[in-house]
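Just run.tsv here, TSV, C-alpha atoms:
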```
chain	number	residue	atom	x	y	z
A	1	MET	CA	23.49	-77.71	4.32
A	2	PRO	CA	26.34	-76.83	1.98
A	3	THR	CA	29.68	-76.75	3.64
A	4	PRO	CA	31.24	-73.28	3.72
A	5	ASP	CA	34.28	-72.71	1.59
A	6	PRO	CA	37.50	-72.92	3.55
A	7	GLU	CA	39.17	-69.63	4.21
A	8	PRO	CA	42.19	-68.99	2.01
A	9	SER	CA	45.39	-69.77	3.80
A	10	ALA	CA	47.91	-67.03	4.36
A	11	PRO	CA	50.73	-67.00	1.83
A	12	LEU	CA	54.06	-68.32	2.98
A	13	PRO	CA	56.61	-65.56	3.45
A	14	GLY	CA	59.37	-65.47	0.91
A	15	PRO	CA	63.01	-64.54	1.48
A	16	ARG	CA	62.35	-60.80	1.59
A	17	ALA	CA	59.29	-61.10	3.88
A	18	THR	CA	61.27	-63.38	6.20
A	19	ARG	CA	64.16	-60.94	6.21
A	20	LEU	CA	61.80	-58.07	7.06
A	21	ALA	CA	60.38	-59.97	10.07
A	22	GLU	CA	63.88	-60.86	11.28
A	23	THR	CA	65.01	-57.24	10.99
A	24	PHE	CA	62.01	-56.03	12.98
A	25	ASN	CA	62.53	-58.62	15.73
A	26	HIS	CA	66.21	-57.75	16.00
A	27	ALA	CA	65.46	-54.01	16.23
A	28	LEU	CA	62.74	-54.60	18.83
A	29	LEU	CA	65.04	-56.77	20.93
A	30	ARG	CA	67.80	-54.15	20.86
A	31	THR	CA	65.28	-51.49	21.89
A	32	LEU	CA	63.84	-53.51	24.79
A	33	GLN	CA	67.31	-54.34	26.08
A	34	ARG	CA	67.82	-50.66	26.79
A	35	VAL	CA	64.92	-50.69	29.25
A	36	SER	CA	65.67	-54.13	30.69
A	37	ASN	CA	68.43	-52.99	33.07
A	38	PRO	CA	67.05	-53.40	36.63
A	39	SER	CA	69.32	-50.70	38.09
A	40	GLY	CA	68.13	-48.11	35.65
A	41	PHE	CA	64.50	-49.02	36.23
A	42	ALA	CA	64.96	-48.99	40.04
A	43	ALA	CA	66.51	-45.52	39.86
A	44	CYS	CA	63.18	-44.23	38.62
A	45	PHE	CA	61.62	-45.33	41.94
A	46	ALA	CA	64.22	-44.23	44.48
A	47	THR	CA	61.80	-44.21	47.43
A	48	ILE	CA	60.77	-47.85	46.97
A	49	ASP	CA	63.06	-50.34	48.63
A	50	ALA	CA	61.78	-53.52	47.00
A	51	PRO	CA	64.19	-54.60	44.26
A	52	ASP	CA	62.48	-57.97	43.64
A	53	VAL	CA	59.10	-56.35	43.11
A	54	LEU	CA	60.59	-53.71	40.82
A	55	ARG	CA	62.35	-56.41	38.78
A	56	VAL	CA	59.09	-58.33	38.35
A	57	VAL	CA	57.26	-55.17	37.32
A	58	GLN	CA	60.04	-54.32	34.87
A	59	GLU	CA	59.90	-57.78	33.28
A	60	GLN	CA	56.15	-57.54	32.95
A	61	MET	CA	56.42	-54.13	31.29
A	62	VAL	CA	59.09	-55.37	28.87
A	63	LYS	CA	57.00	-58.40	28.00
A	64	LEU	CA	53.90	-56.23	27.54
A	65	LEU	CA	55.77	-53.84	25.23
A	66	SER	CA	57.19	-56.75	23.23
A	67	ASP	CA	53.77	-58.35	22.74
A	68	LYS	CA	52.16	-55.08	21.81
A	69	CYS	CA	54.87	-54.25	19.24
A	70	GLN	CA	54.67	-57.74	17.74
A	71	LYS	CA	50.89	-57.52	17.38
A	72	GLU	CA	51.10	-54.05	15.85
A	73	PHE	CA	53.73	-55.21	13.36
A	74	GLN	CA	51.62	-58.23	12.39
A	75	ARG	CA	48.54	-56.03	11.98
A	76	ILE	CA	50.42	-53.73	9.62
A	77	MET	CA	51.73	-56.72	7.67
A	78	ASP	CA	48.20	-58.10	7.26
A	79	SER	CA	46.48	-54.81	6.44
A	80	ARG	CA	49.06	-53.88	3.80
A	81	ASP	CA	49.32	-57.48	2.49
A	82	LEU	CA	53.07	-57.10	2.65
A	83	VAL	CA	53.83	-60.83	2.41
A	84	SER	CA	52.07	-61.22	-0.95
A	85	LYS	CA	53.52	-58.00	-2.33
A	86	LEU	CA	57.03	-58.92	-1.24
A	87	ASN	CA	56.58	-62.35	-2.82
A	88	GLU	CA	55.47	-60.71	-6.08
A	89	PHE	CA	58.46	-58.41	-5.93
A	90	GLU	CA	60.66	-61.44	-5.39
A	91	ALA	CA	59.15	-63.08	-8.50
A	92	LEU	CA	59.77	-59.92	-10.55
A	93	VAL	CA	63.39	-59.80	-9.44
A	94	ALA	CA	63.84	-63.47	-10.31
A	95	ALA	CA	62.25	-62.97	-13.75
A	96	ALA	CA	64.48	-59.96	-14.42
A	97	ALA	CA	67.54	-61.97	-13.43
A	98	ALA	CA	66.45	-64.80	-15.75
A	99	ARG	CA	65.95	-62.38	-18.66
A	100	ARG	CA	69.34	-60.85	-17.99
A	101	ALA	CA	70.94	-64.29	-18.04
A	102	GLN	CA	69.17	-65.16	-21.29
A	103	ALA	CA	70.15	-61.87	-22.91
A	104	GLY	CA	73.81	-62.66	-22.48
A	105	ASP	CA	75.94	-60.06	-24.24
A	106	ALA	CA	73.01	-57.97	-25.46
A	107	PRO	CA	73.60	-54.22	-25.42
A	108	PRO	CA	72.28	-52.44	-22.34
A	109	PRO	CA	68.98	-50.59	-22.68
A	110	THR	CA	68.97	-46.92	-23.48
A	111	PRO	CA	68.70	-44.76	-20.36
A	112	PRO	CA	65.34	-42.98	-20.15
A	113	HIS	CA	66.89	-39.53	-19.82
A	114	VAL	CA	68.44	-39.75	-23.31
A	115	LEU	CA	65.26	-40.84	-25.09
A	116	SER	CA	63.46	-38.49	-27.45
A	117	ALA	CA	60.28	-36.70	-26.44
A	118	GLU	CA	58.22	-38.66	-28.99
A	119	THR	CA	59.40	-41.99	-27.56
A	120	ILE	CA	58.62	-40.96	-23.99
A	121	ILE	CA	55.15	-39.65	-24.94
A	122	ALA	CA	54.40	-42.85	-26.85
A	123	ALA	CA	55.49	-44.97	-23.89
A	124	HIS	CA	53.30	-43.04	-21.45
A	125	SER	CA	50.26	-42.87	-23.77
A	126	HIS	CA	50.39	-46.53	-24.84
A	127	ALA	CA	48.34	-47.71	-21.86
A	128	ALA	CA	45.63	-45.10	-22.52
A	129	LEU	CA	45.56	-45.54	-26.30
A	130	ASP	CA	45.65	-49.35	-26.37
A	131	PRO	CA	41.91	-49.78	-25.47
A	132	ILE	CA	41.00	-47.13	-28.04
A	133	LEU	CA	43.08	-48.91	-30.68
A	134	SER	CA	41.39	-52.22	-29.88
A	135	SER	CA	37.88	-50.74	-30.14
A	136	THR	CA	38.80	-48.90	-33.35
A	137	THR	CA	40.18	-52.09	-34.88
A	138	LEU	CA	36.98	-53.94	-33.98
A	139	ARG	CA	34.80	-51.20	-35.48
A	140	LEU	CA	36.93	-51.18	-38.64
A	141	ALA	CA	36.52	-54.95	-39.03
A	142	GLN	CA	32.75	-54.63	-38.58
A	143	ARG	CA	32.56	-51.79	-41.12
A	144	ARG	CA	34.60	-53.81	-43.64
A	145	ALA	CA	32.24	-56.77	-43.25
A	146	GLN	CA	29.25	-54.45	-43.71
A	147	ASN	CA	30.83	-52.94	-46.83
A	148	ALA	CA	31.44	-56.43	-48.24
A	149	ARG	CA	27.78	-57.30	-47.73
A	150	LEU	CA	26.75	-54.04	-49.43
A	151	VAL	CA	29.03	-54.79	-52.39
A	152	ASP	CA	27.45	-58.23	-52.80
A	153	CYS	CA	23.96	-56.72	-52.63
A	154	LEU	CA	24.94	-54.07	-55.22
A	155	ALA	CA	26.35	-56.76	-57.53
A	156	GLN	CA	23.10	-58.73	-57.28
A	157	GLN	CA	21.04	-55.62	-58.03
A	158	THR	CA	23.28	-54.78	-61.00
A	159	ALA	CA	22.85	-58.30	-62.40
A	160	ALA	CA	19.07	-58.02	-61.98
A	161	MET	CA	19.06	-54.64	-63.77
A	162	ASP	CA	21.15	-56.07	-66.63
A	163	ALA	CA	18.66	-58.93	-67.00
A	164	LEU	CA	15.77	-56.42	-67.09
A	165	PHE	CA	17.57	-54.31	-69.72
A	166	ALA	CA	18.13	-57.44	-71.83
A	167	ARG	CA	14.43	-58.29	-71.64
A	168	LEU	CA	13.57	-54.68	-72.56
A	169	ASP	CA	15.89	-54.88	-75.58
A	170	GLU	CA	14.16	-58.08	-76.70
A	171	ALA	CA	10.74	-56.46	-76.27
A	172	LYS	CA	11.95	-53.40	-78.21
A	173	ALA	CA	13.18	-55.59	-81.05
A	174	ASP	CA	9.81	-57.35	-81.17
A	175	VAL	CA	7.97	-54.00	-81.26
A	176	VAL	CA	10.24	-52.68	-84.05
A	177	ALA	CA	9.69	-55.85	-86.11
A	178	ALA	CA	5.93	-55.57	-85.62
A	179	ALA	CA	6.00	-51.90	-86.65
A	180	GLN	CA	7.97	-52.72	-89.80
A	181	ALA	CA	5.49	-55.48	-90.66
A	182	LEU	CA	2.60	-53.03	-90.17
A	183	ASP	CA	4.33	-50.43	-92.38
A	184	ALA	CA	4.79	-53.03	-95.13
A	185	ALA	CA	1.14	-54.07	-94.87
A	186	ASN	CA	-0.01	-50.42	-95.02
A	187	ASP	CA	2.13	-49.83	-98.14
A	188	GLY	CA	0.56	-52.89	-99.84
A	189	LEU	CA	-2.94	-51.75	-98.98
A	190	SER	CA	-2.23	-48.26	-100.42
A	191	CYS	CA	-1.03	-49.76	-103.70
A	192	VAL	CA	-4.14	-51.95	-103.98
A	193	ALA	CA	-6.37	-48.91	-103.40
A	194	ILE	CA	-4.56	-46.97	-106.13
A	195	GLY	CA	-4.99	-49.89	-108.54
A	196	HIS	CA	-8.70	-50.10	-107.85
A	197	GLY	CA	-9.02	-46.35	-108.53
A	198	VAL	CA	-7.23	-46.62	-111.86
A	199	ALA	CA	-9.38	-49.58	-112.88
A	200	GLY	CA	-12.53	-47.64	-112.04
A	201	ALA	CA	-11.39	-44.67	-114.10
A	202	ALA	CA	-10.69	-46.90	-117.07
A	203	ALA	CA	-14.13	-48.48	-116.82
A	204	ALA	CA	-15.77	-45.06	-116.67
A	205	ALA	CA	-13.87	-43.91	-119.73
A	206	ALA	CA	-14.92	-47.00	-121.66
A	207	ALA	CA	-18.57	-46.44	-120.76
A	208	HIS	CA	-18.37	-42.79	-121.84
A	209	HIS	CA	-17.04	-43.54	-125.31
A	210	GLY	CA	-19.72	-46.15	-125.94
A	211	ASN	CA	-19.23	-47.70	-129.37
A	212	ALA	CA	-15.94	-45.98	-130.02
A	213	PRO	CA	-13.42	-48.05	-131.93
A	214	GLY	CA	-11.24	-48.49	-128.83
A	215	ALA	CA	-14.09	-49.53	-126.56
A	216	SER	CA	-13.33	-53.18	-126.80
A	217	ALA	CA	-9.68	-52.51	-126.10
A	218	ALA	CA	-10.62	-50.41	-123.02
A	219	THR	CA	-12.90	-53.16	-121.83
A	220	ASP	CA	-10.09	-55.66	-122.20
A	221	ALA	CA	-7.71	-53.31	-120.38
A	222	THR	CA	-10.24	-52.90	-117.55
A	223	ALA	CA	-10.57	-56.65	-117.18
A	224	SER	CA	-6.81	-57.02	-117.26
A	225	ALA	CA	-6.41	-54.33	-114.58
A	226	ALA	CA	-8.99	-55.98	-112.37
A	227	HIS	CA	-7.24	-59.30	-112.82
A	228	SER	CA	-3.92	-57.65	-111.95
A	229	LEU	CA	-5.36	-56.26	-108.73
A	230	ASP	CA	-6.32	-59.76	-107.64
A	231	SER	CA	-3.03	-61.29	-108.77
A	232	PRO	CA	0.18	-61.23	-106.63
A	233	LYS	CA	1.96	-58.97	-109.11
A	234	ASP	CA	3.16	-55.49	-108.08
A	235	PRO	CA	0.64	-52.60	-108.27
A	236	PRO	CA	2.68	-50.61	-110.83
A	237	ASP	CA	1.95	-53.29	-113.50
A	238	ALA	CA	-1.82	-52.67	-113.18
A	239	ALA	CA	-1.27	-48.93	-113.58
A	240	ASP	CA	0.78	-49.49	-116.73
A	241	THR	CA	-2.04	-51.64	-118.12
A	242	ALA	CA	-4.57	-48.87	-117.42
A	243	ASP	CA	-2.36	-46.28	-119.15
A	244	THR	CA	-2.12	-48.53	-122.19
A	245	ALA	CA	-5.90	-48.85	-122.31
A	246	LEU	CA	-6.41	-45.10	-122.13
A	247	SER	CA	-3.97	-44.46	-124.93
```
Starting from the file, give its structure as C-alpha cells.
Amino acid sequence: MPTPDPEPSAPLPGPRATRLAETFNHALLRTLQRVSNPSGFAACFATIDAPDVLRVVQEQMVKLLSDKCQKEFQRIMDSRDLVSKLNEFEALVAAAAARRAQAGDAPPPTPPHVLSAETIIAAHSHAALDPILSSTTLRLAQRRAQNARLVDCLAQQTAAMDALFARLDEAKADVVAAAQALDAANDGLSCVAIGHGVAGAAAAAAAHHGNAPGASAATDATASAAHSLDSPKDPPDAADTADTALS
C-alpha cells in the first residue's frame, strides 16, 4: 500500500505572530488576576464558611477560563491562518525596507491624492485590462502570421498567372505567324489563278484568228505565259507577256 503523504507542518511563527501571542497571553493573565483574589470570590458566597473549598473552586474556575481562552485564541489563529499571513506581511515589510535602502536618495513617490484622474483610472483598470491586452496581442500575432501566409500564397498565384500569360503570348505569336504564312500562300495562289486565266484568254484569241499574221506570235506568247506560270517568277510578268501577245 502506498504510504500517505505526511501532513504539512504548521509554519513557524515570525516576529509579529510571536508578538501577537505574547500580547494575548499578557492580556489574559491581567484579566484573570482580577478574579483570582480569594477574598473577592469568597464575598460572593457569604453564607459558606469554607475558605479552603472556595479557594480550590476559584483556582479551578480560573484554570478553566484560561484553558478555554487559550483554545479559542488558537482556533481563531488556525481558522484565519494568521501565522502565515503575518509571516507574509513580515516579508513584505522587509522587502519594502530593502527597496528603500537601495533607493538611497531617490525622490519620494507622489502622494495618491495629488495624482491626475487619468493616472488613477489607469492604475485601477490595469489589472482588468492586462488579460485583455495579452489576448489581443496573441490574436494580433496569429492574424499577422495568417496574413503572411496569404501574401505568400498570393505571390505564388501571381507567378503562376504570369507564367500562363507568357505561354499565351507565345501561343499568340505562333498563331499570328501561321496566319501571316496562310495570307502569303493565299496571295500566291490568287496570282497563279489570274495568270492561268490570262493564258487561257490568249490561247482562245489565237484560235479565233486562225491563220492571221500574228497567230504564230500569239502561240509563242501563250507558250511563254504558260512557262511563266510554272516558273518561280512573279505573276505580273506573265500578264505583261499576255498583253504583248494580244497587241
- To one decimal in Å, tell me the separation between CA of Ala97 in chain A and CA of Ser84 in chain A.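 So the answer is 19.9 Å.
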- Query: How many Å separate CA of Phe24 in chain A from CA of Leu86 in chain A?
  - Reply: 15.3 Å
- Item | Length of the CA of Gln70 in chain A to CA of Leu29 in chain A vector [Å] |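 These two atoms are separated by 10.9 Å.
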Build an axis-aligned box that encloses every atom of range 143-158 of chain A listed in the file, pad it by 3 Å on each side, and report its centre and edge lengths in Å to one decimal, as lines of an AutoDock Vina configuration file.
```
center_x = 27.8
center_y = -55.3
center_z = -51.1
size_x = 19.6
size_y = 12.9
size_z = 25.9
```
- Query: Of the residues A:His26, A:Ala163, A:Val35, A:Pro112, which is the one nearest to Met61 in chain A, using only C-alpha atoms?
  - Reply: A:Val35
- With distances taken over only C-alpha atoms, which of A:Ala10, A:Leu20, A:Val62, A:Ile132 is nearest to Asp78 in chain A?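 Between A:Ala10, A:Leu20, A:Val62, A:Ile132, the residue approaching Asp78 in chain A most closely is A:Ala10.
If you count only C-alpha atoms and draw a sphere of 12 Å around (52.7, -61.3, -3.9), the protein and nucleic acid residues inside it come out as Ala10, Pro11, Leu12, Pro13, Gly14, Arg16, Ala17, Arg80, Asp81, Leu82, Val83, Ser84, Lys85, Leu86, Asn87, Glu88, Phe89, Glu90, Ala91 and Leu92 of chain A.
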